[in-house]
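> Below are the structure tokens for one structure; questions will follow.
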Amino acid sequence: MSRFILISPSADYERKVRASVAPLSGSLQYFQAAYLPESPEDILRQQAGEPPEVLILGPGLPQDEALKFAAIMDLQYPEISIVLAADDDGELALSAMRSGIRDLLPPSADMEQVRALVERASLAAAGRRRGLGPNTAERPTTEGGRVIAVMSPKGGVGKTTIASNLAIGLGQIAPMSVVVVDLDLQFGDIGSGLMLEPDFTITDAVVGAASQDAMVLKTYLTLHAGNIYVLCAPRNPIDMDRISGEHISHLLRQLRAEFQYVVVDTAPGLGEHVLATLEQATDAVWVCGMDIPSIRGLRTGFQILSELDLLPDHRHVVLNMADRKTGLTVQDVEATIGAPVDIVLPRSRNVPFSTNKGVPLLQDGSRDPAAKGLRQLVERFKPNWEAPRKKLHRRAVVQ
């Protein structure tokens, strides 16, 4: 059960927050006050049971006082996420971040927005608890989440479909802790594949305040119904020229520090932005079609990246649209690319239908054989799963 504390003089706000956290099976302890105590202990000693996961500083509290209190709380209890109910005026976000506040919550936010934000804060608190040692005053030293590059030297192999389904599947494991980035900067269509009309795109996210402040960056992400965040490709392909490889490297470092999983749908080939992604990636999902040009392209890609020392530590090879009628076998593919195939996705008429509908297979609970293979791909990224190279020869084959 998630545990929340709210401090605010507003009883109306308390009712909204209480109703928002109810679906999370969370308990809320409310302190009705227009001021903050001198120290966090004054609040925590009144908390029944275990310490809270999230402290919400509600509307009606003096802003300067709230920032000072948050700074002390973050120093003494870094395992507790702090949320401040306030409108961002541009300067507040930076001050809040420096004080250790995880997120700003507009006081006018509806119940769904409140629920999503406090759930994300709760998950972040749980992650920090796992990372903290016996001395809870020490901060975790982990490098952040996993950056999963979905790759293919050739286009038309279903890379975007696999990236979007992977993100949706991971969102079911780690709600609100997954972001998918559309890095096909000229012709990316993650947005249309997920039926999204974003207010902002990656063009906005790599410049200005967003590049300096993680809290500002979050405002440029689009929330999807599958409990994931999406950063869509530019609306105009010309914007690609304004985004450098260094922009991408910095963006992925920012996202990795905030999310458990960062799924990157890369452009076909090995251009500047793809190479920048591979420098940050912990995993690469290599997508290959069951045709000779795609298979040979993958083999060449492996060779080039091996020479450049840019192959991520964990490799996952997905053979998509597998069909025995092509005259090729899985063994033929493995022999050509010089690597094992980990997941085989059969050709399915439901896959293009789901893409056209804008609802990934893993979102609508499809029992299609391709959905089964996609779930097996997601399983490879569960927190208790590790990818020792000795076991890479074991593959999941879906008939």
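Residue numbers start at 1 in each chain; chains themselves are named A, B, ... in the order of the structure tokens; ligands are numbered from 1 in the order shown.
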Show me, as a list of chain:residue names, the residues that have an atom within 10 Å of Gly327 in chain A when counting only C-alpha atoms, minus same-chain residues fewer than 3 positions from it.

A:Met290, A:Asp291, A:Asp323, A:Arg324, A:Asp332

> Would you please work out which residue, of A:Asp342, A:Arg98, A:Gly271, A:Ile5, is nearest to Glu50 in chain A when using only C-alpha atoms?

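Between A:Asp342, A:Arg98, A:Gly271, A:Ile5, the residue approaching Glu50 in chain A most closely is A:Ile5.
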
> Give me, as a PDB file with N, CA and C atoms, in the first residue's frame, all polymer residues having an atom no more than 8 Å from Asn227 in chain A, counting only C-alpha atoms and skipping those fewer than 6 positions away in the same chain.


```pdb
ATOM      1  N   ILE A 168       4.823   0.018 -24.210  1.00  0.00           N
ATOM      2  CA  ILE A 168       3.541  -0.273 -23.558  1.00  0.00           C
ATOM      3  C   ILE A 168       3.692  -1.435 -22.578  1.00  0.00           C
ATOM      4  N   GLY A 171       5.490  -0.335 -19.579  1.00  0.00           N
ATOM      5  CA  GLY A 171       4.614   0.514 -18.790  1.00  0.00           C
ATOM      6  C   GLY A 171       3.689  -0.289 -17.888  1.00  0.00           C
ATOM      7  N   GLN A 172       3.390  -1.531 -18.270  1.00  0.00           N
ATOM      8  CA  GLN A 172       2.577  -2.399 -17.422  1.00  0.00           C
ATOM      9  C   GLN A 172       3.388  -2.941 -16.256  1.00  0.00           C
ATOM     10  N   PRO A 175       4.615   1.387 -14.260  1.00  0.00           N
ATOM     11  CA  PRO A 175       3.762   2.507 -14.685  1.00  0.00           C
ATOM     12  C   PRO A 175       4.393   3.864 -14.387  1.00  0.00           C
ATOM     13  N   MET A 176       4.295   4.759 -15.340  1.00  0.00           N
ATOM     14  CA  MET A 176       4.776   6.136 -15.221  1.00  0.00           C
ATOM     15  C   MET A 176       6.298   6.212 -15.115  1.00  0.00           C
ATOM     16  N   VAL A 178       8.306   4.903 -17.716  1.00  0.00           N
ATOM     17  CA  VAL A 178       8.771   4.566 -19.060  1.00  0.00           C
ATOM     18  C   VAL A 178       8.552   5.758 -19.973  1.00  0.00           C
TER      19      VAL A 178
END
```

> Please run DSSP on the backbone and report, as a list in words, all residues within range 160-216 of chain A that come out as strand (DSSP E or B).

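The strand (DSSP E or B) residues within range 160-216 of chain A come out as Val178, Val179, Val180, Val181, Asp182 and Leu183 of chain A.
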
> If you measure from CA of Val206 in chain A to CA of His247 in chain A, what distance in Å do you get, rounded to one decimal?

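So the answer is 5.9 Å.
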
> May I ask which of the residues A:Pro59, A:Gly144, A:Gly100, A:Pro52 is the closest one to Leu255 in chain A, counting only C-alpha atoms?

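Smallest separation from Leu255 in chain A among the options: A:Gly144.
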
> Could you give me the residues within range 175-302 of chain A that DSSP places in helix (DSSP H, G or I), as a PyMOL selection string?

chain A and resi 190-193+202-205+208-211+214-218+237-242+245-258+272-280+292-302

> Rounded to one decimal place, report the CA of Glu91 in chain A-CA of Ile243 in chain A distance in Å.

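A separation of 25.7 Å between them.
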
> Rounded to one decimal place, report the CA of Leu94 in chain A-CA of Val216 in chain A distance in Å.

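Taking CA of Leu94 in chain A and CA of Val216 in chain A, their separation equals 8.5 Å.
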
> Of the candidates A:Asp110, A:Asp103, A:Asp42, A:Glu334, which shows the shortest atom-to-atom distance to Ile56 in chain A, using only C-alpha atoms?

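Checking each of A:Asp110, A:Asp103, A:Asp42, A:Glu334 against Ile56 in chain A, counting only C-alpha atoms, the winner is A:Asp103.
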
> Fewer than 2 positions away in the same chain doesn't count, so skip those; otherwise give me all residues within 9 Å of range 372-374 of chain A, counting only C-alpha atoms, as a PyMOL selection string.

chain A and resi 162+165-166+169+343-346+361-362+366-370+376-379+396-398

> Next, dump the selected residues to file, keeping only C-alpha atoms, as an mmCIF file, in the first residue's frame.


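Printed below is again-v2.cif as written:
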```
data_model
loop_
_atom_site.group_PDB
_atom_site.id
_atom_site.type_symbol
_atom_site.label_atom_id
_atom_site.label_comp_id
_atom_site.auth_asym_id
_atom_site.auth_seq_id
_atom_site.Cartn_x
_atom_site.Cartn_y
_atom_site.Cartn_z
ATOM 1 C CA ILE A 162 8.110 -3.185 -31.808
ATOM 2 C CA ASN A 165 4.702 -2.316 -27.984
ATOM 3 C CA LEU A 166 7.864 -2.683 -25.921
ATOM 4 C CA GLY A 169 4.609 -3.627 -22.113
ATOM 5 C CA ILE A 343 12.631 -13.574 -30.359
ATOM 6 C CA VAL A 344 10.739 -14.700 -33.457
ATOM 7 C CA LEU A 345 7.550 -12.798 -34.288
ATOM 8 C CA PRO A 346 5.321 -14.519 -36.848
ATOM 9 C CA LEU A 361 -1.247 -5.179 -29.492
ATOM 10 C CA LEU A 362 0.011 -5.183 -25.920
ATOM 11 C CA SER A 366 -4.541 -9.301 -27.873
ATOM 12 C CA ARG A 367 -3.883 -13.051 -27.880
ATOM 13 C CA ASP A 368 -2.340 -12.911 -31.309
ATOM 14 C CA PRO A 369 0.829 -15.050 -31.626
ATOM 15 C CA ALA A 370 2.799 -11.896 -32.416
ATOM 16 C CA GLN A 376 8.420 -12.414 -24.262
ATOM 17 C CA LEU A 377 10.544 -9.505 -25.442
ATOM 18 C CA VAL A 378 9.210 -7.360 -22.587
ATOM 19 C CA GLU A 379 10.028 -10.156 -20.120
ATOM 20 C CA ALA A 396 11.725 -17.576 -27.745
ATOM 21 C CA VAL A 397 10.064 -18.892 -30.882
ATOM 22 C CA VAL A 398 6.390 -18.221 -31.456
#
```

> With only C-alpha atoms as the counted atoms, please give the residues lying no more than 12 Å from range 298-304 of chain A, apart from itself and same-chain residues fewer than 5 positions off, as a PyMOL selection string.

chain A and resi 151-155+157+268-271+274-275+284-293+309-312+315+317-319+333-341

> With only C-alpha atoms as the basis for distance, which of A:Arg115, A:Leu75, A:Gln63, A:Gly358 is at the shortest distance from Glu197 in chain A?

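Of all the options, A:Gly358 lies closest to Glu197 in chain A.
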
> What's the 12 Å shell around Leu185 in chain A, counting only C-alpha atoms, without same-chain residues fewer than 3 positions away, as a PyMOL selection string?

chain A and resi 181-182+188-190+201-203+231-245+248+264-268+271-274
